[in-house]
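Coordinates from entry38.pdb are shown below (PDB, C-alpha atoms, pLDDT in the B column).
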```pdb
MODEL        1
ATOM      1  CA  PRO A   1     -56.214 -37.916  -4.203  1.00 50.00           C
ATOM      2  CA  ARG A   2     -56.426 -38.364  -0.414  1.00 57.00           C
ATOM      3  CA  VAL A   3     -53.124 -36.525   0.060  1.00 64.00           C
ATOM      4  CA  ARG A   4     -54.398 -33.311  -1.508  1.00 62.00           C
ATOM      5  CA  LEU A   5     -56.259 -32.466   1.710  1.00 67.00           C
ATOM      6  CA  GLY A   6     -53.537 -33.760   4.034  1.00 76.00           C
ATOM      7  CA  ALA A   7     -51.544 -31.721   6.536  1.00 85.00           C
ATOM      8  CA  TYR A   8     -48.191 -32.622   4.967  1.00 89.00           C
ATOM      9  CA  ARG A   9     -46.495 -31.974   1.643  1.00 89.00           C
ATOM     10  CA  ILE A  10     -44.252 -34.546  -0.040  1.00 90.00           C
ATOM     11  CA  VAL A  11     -40.878 -32.967  -0.798  1.00 94.00           C
ATOM     12  CA  GLY A  12     -38.856 -36.015  -1.807  1.00 95.00           C
ATOM     13  CA  VAL A  13     -37.915 -39.552  -0.869  1.00 97.00           C
ATOM     14  CA  GLN A  14     -36.476 -40.163   2.595  1.00 96.00           C
ATOM     15  CA  LYS A  15     -35.357 -43.748   1.941  1.00 97.00           C
ATOM     16  CA  THR A  16     -36.202 -46.947   0.079  1.00 98.00           C
ATOM     17  CA  VAL A  17     -37.047 -50.124   1.999  1.00 98.00           C
ATOM     18  CA  THR A  18     -37.636 -53.732   0.985  1.00 98.00           C
ATOM     19  CA  VAL A  19     -40.926 -55.283   2.073  1.00 97.00           C
ATOM     20  CA  LYS A  20     -40.477 -58.245   4.417  1.00 97.00           C
ATOM     21  CA  ALA A  21     -42.828 -61.200   4.900  1.00 97.00           C
ATOM     22  CA  GLY A  22     -46.012 -60.182   6.699  1.00 96.00           C
ATOM     23  CA  GLN A  23     -45.581 -56.450   6.218  1.00 96.00           C
ATOM     24  CA  THR A  24     -48.357 -54.294   4.816  1.00 95.00           C
ATOM     25  CA  LEU A  25     -48.352 -50.768   3.471  1.00 94.00           C
ATOM     26  CA  ALA A  26     -49.972 -49.635   6.734  1.00 94.00           C
ATOM     27  CA  SER A  27     -47.367 -51.350   8.933  1.00 96.00           C
ATOM     28  CA  ILE A  28     -44.460 -49.925   6.923  1.00 96.00           C
ATOM     29  CA  SER A  29     -46.031 -46.471   7.005  1.00 95.00           C
ATOM     30  CA  LYS A  30     -46.617 -46.681  10.761  1.00 96.00           C
ATOM     31  CA  THR A  31     -42.982 -47.673  11.361  1.00 96.00           C
ATOM     32  CA  TYR A  32     -41.455 -44.799   9.386  1.00 96.00           C
ATOM     33  CA  LEU A  33     -44.076 -42.030   9.444  1.00 95.00           C
ATOM     34  CA  GLY A  34     -46.580 -42.833  12.198  1.00 93.00           C
ATOM     35  CA  PRO A  35     -50.142 -44.132  12.295  1.00 92.00           C
ATOM     36  CA  GLY A  36     -52.574 -43.069   9.567  1.00 89.00           C
ATOM     37  CA  MET A  37     -49.910 -41.925   7.107  1.00 91.00           C
ATOM     38  CA  GLU A  38     -50.193 -44.721   4.520  1.00 92.00           C
ATOM     39  CA  CYS A  39     -51.832 -42.371   2.003  1.00 90.00           C
ATOM     40  CA  TYR A  40     -48.465 -40.616   1.573  1.00 92.00           C
ATOM     41  CA  VAL A  41     -46.652 -43.913   0.957  1.00 94.00           C
ATOM     42  CA  GLU A  42     -49.399 -44.883  -1.538  1.00 93.00           C
ATOM     43  CA  ALA A  43     -49.004 -41.556  -3.356  1.00 91.00           C
ATOM     44  CA  VAL A  44     -45.221 -41.852  -3.742  1.00 94.00           C
ATOM     45  CA  ASN A  45     -45.285 -45.489  -4.862  1.00 95.00           C
ATOM     46  CA  GLY A  46     -48.573 -45.587  -6.788  1.00 93.00           C
ATOM     47  CA  VAL A  47     -49.647 -48.847  -5.115  1.00 93.00           C
ATOM     48  CA  LYS A  48     -52.174 -49.855  -2.464  1.00 91.00           C
ATOM     49  CA  ASP A  49     -50.841 -53.368  -1.827  1.00 94.00           C
ATOM     50  CA  VAL A  50     -47.284 -54.602  -1.378  1.00 96.00           C
ATOM     51  CA  GLN A  51     -45.590 -57.968  -1.795  1.00 96.00           C
ATOM     52  CA  GLU A  52     -42.557 -59.470  -0.098  1.00 97.00           C
ATOM     53  CA  GLY A  53     -39.327 -58.328  -1.756  1.00 97.00           C
ATOM     54  CA  GLN A  54     -40.880 -55.219  -3.317  1.00 97.00           C
ATOM     55  CA  GLN A  55     -38.984 -51.923  -3.020  1.00 98.00           C
ATOM     56  CA  ILE A  56     -41.057 -49.154  -1.393  1.00 97.00           C
ATOM     57  CA  LYS A  57     -40.095 -45.480  -1.205  1.00 97.00           C
ATOM     58  CA  ILE A  58     -40.679 -43.681   2.094  1.00 97.00           C
ATOM     59  CA  PRO A  59     -41.599 -40.040   1.411  1.00 96.00           C
ATOM     60  CA  GLU A  60     -39.937 -37.011   2.976  1.00 96.00           C
ATOM     61  CA  LEU A  61     -42.727 -34.867   4.426  1.00 94.00           C
ATOM     62  CA  VAL A  62     -42.987 -31.285   5.632  1.00 93.00           C
ATOM     63  CA  LEU A  63     -45.920 -29.737   7.438  1.00 91.00           C
ATOM     64  CA  LYS A  64     -48.003 -27.456   5.213  1.00 87.00           C
ATOM     65  CA  LYS A  65     -48.175 -23.862   6.327  1.00 81.00           C
ATOM     66  CA  LYS A  66     -51.600 -22.701   7.403  1.00 73.00           C
ATOM     67  CA  LYS A  67     -53.225 -20.007   5.302  1.00 67.00           C
ATOM     68  CA  ASN A  68     -54.488 -17.028   7.270  1.00 61.00           C
TER      69      ASN A  68
ENDMDL
END
```
structure tokens encoding of this file:
Amino acid sequence: PRVRLGAYRIVGVQKTVTVKAGQTLASISKTYLGPGMECYVEAVNGVKDVQEGQQIKIPELVLKKKKN
């Protein structure tokens, strides 16, 4: 739901990563997409929390075109 108003569109999966000890969804998102982008990772994976050893998909994003 939060992604609907976002500036980016999900067009696929960039890569899949395995969660390491101490990592959170926010820290993984920040590493691969930048700060404040965890909503896109949540949307692709359907989870808000992650556990060590879990496989997480990193989305491929493109900037939405502005409507004039």
Using the chain letters and numbers from this file, what does the PyMOL selection byres ((chain A and resi 29-41) around 9) select? Give the answer as a PyMOL selection string.
chain A and resi 1-3+6+8-10+24-28+42-48+56-59+61
Which distance in Å separates atom CA of Val11 of chain A and atom CA of Val62 of chain A, to one decimal?
7.0 Å
What separates atom CA of Glu60 of chain A and atom CA of Gln23 of chain A is a distance of 20.5 Å
One number please: atom CA of Lys64 of chain A to atom CA of Val17 of chain A, in Å, one decimal.
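Pair atom CA of Lys64 of chain A / atom CA of Val17 of chain A returns 25.4 Å.
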I need the output of the PyMOL selection byres ((chain A and resi 53) around 10) for this file as a list of chain:residue names; which residues are they?
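That selection, the PyMOL selection byres ((chain A and resi 53) around 10), comes back as A:Val17, A:Thr18, A:Val19, A:Lys20, A:Ala21, A:Val50, A:Gln51, A:Glu52, A:Gln54, A:Gln55, A:Ile56.
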Write a file of the selected residues as an mmCIF file, keeping the file's coordinate frame, keeping C-alpha atoms.
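Writing done, so here's again23.cif:
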```cif
data_model
loop_
_atom_site.group_PDB
_atom_site.id
_atom_site.type_symbol
_atom_site.label_atom_id
_atom_site.label_comp_id
_atom_site.auth_asym_id
_atom_site.auth_seq_id
_atom_site.Cartn_x
_atom_site.Cartn_y
_atom_site.Cartn_z
ATOM 1 C CA VAL A 17 -37.047 -50.124 1.999
ATOM 2 C CA THR A 18 -37.636 -53.732 0.985
ATOM 3 C CA VAL A 19 -40.926 -55.283 2.073
ATOM 4 C CA LYS A 20 -40.477 -58.245 4.417
ATOM 5 C CA ALA A 21 -42.828 -61.200 4.900
ATOM 6 C CA VAL A 50 -47.284 -54.602 -1.378
ATOM 7 C CA GLN A 51 -45.590 -57.968 -1.795
ATOM 8 C CA GLU A 52 -42.557 -59.470 -0.098
ATOM 9 C CA GLN A 54 -40.880 -55.219 -3.317
ATOM 10 C CA GLN A 55 -38.984 -51.923 -3.020
ATOM 11 C CA ILE A 56 -41.057 -49.154 -1.393
#
```
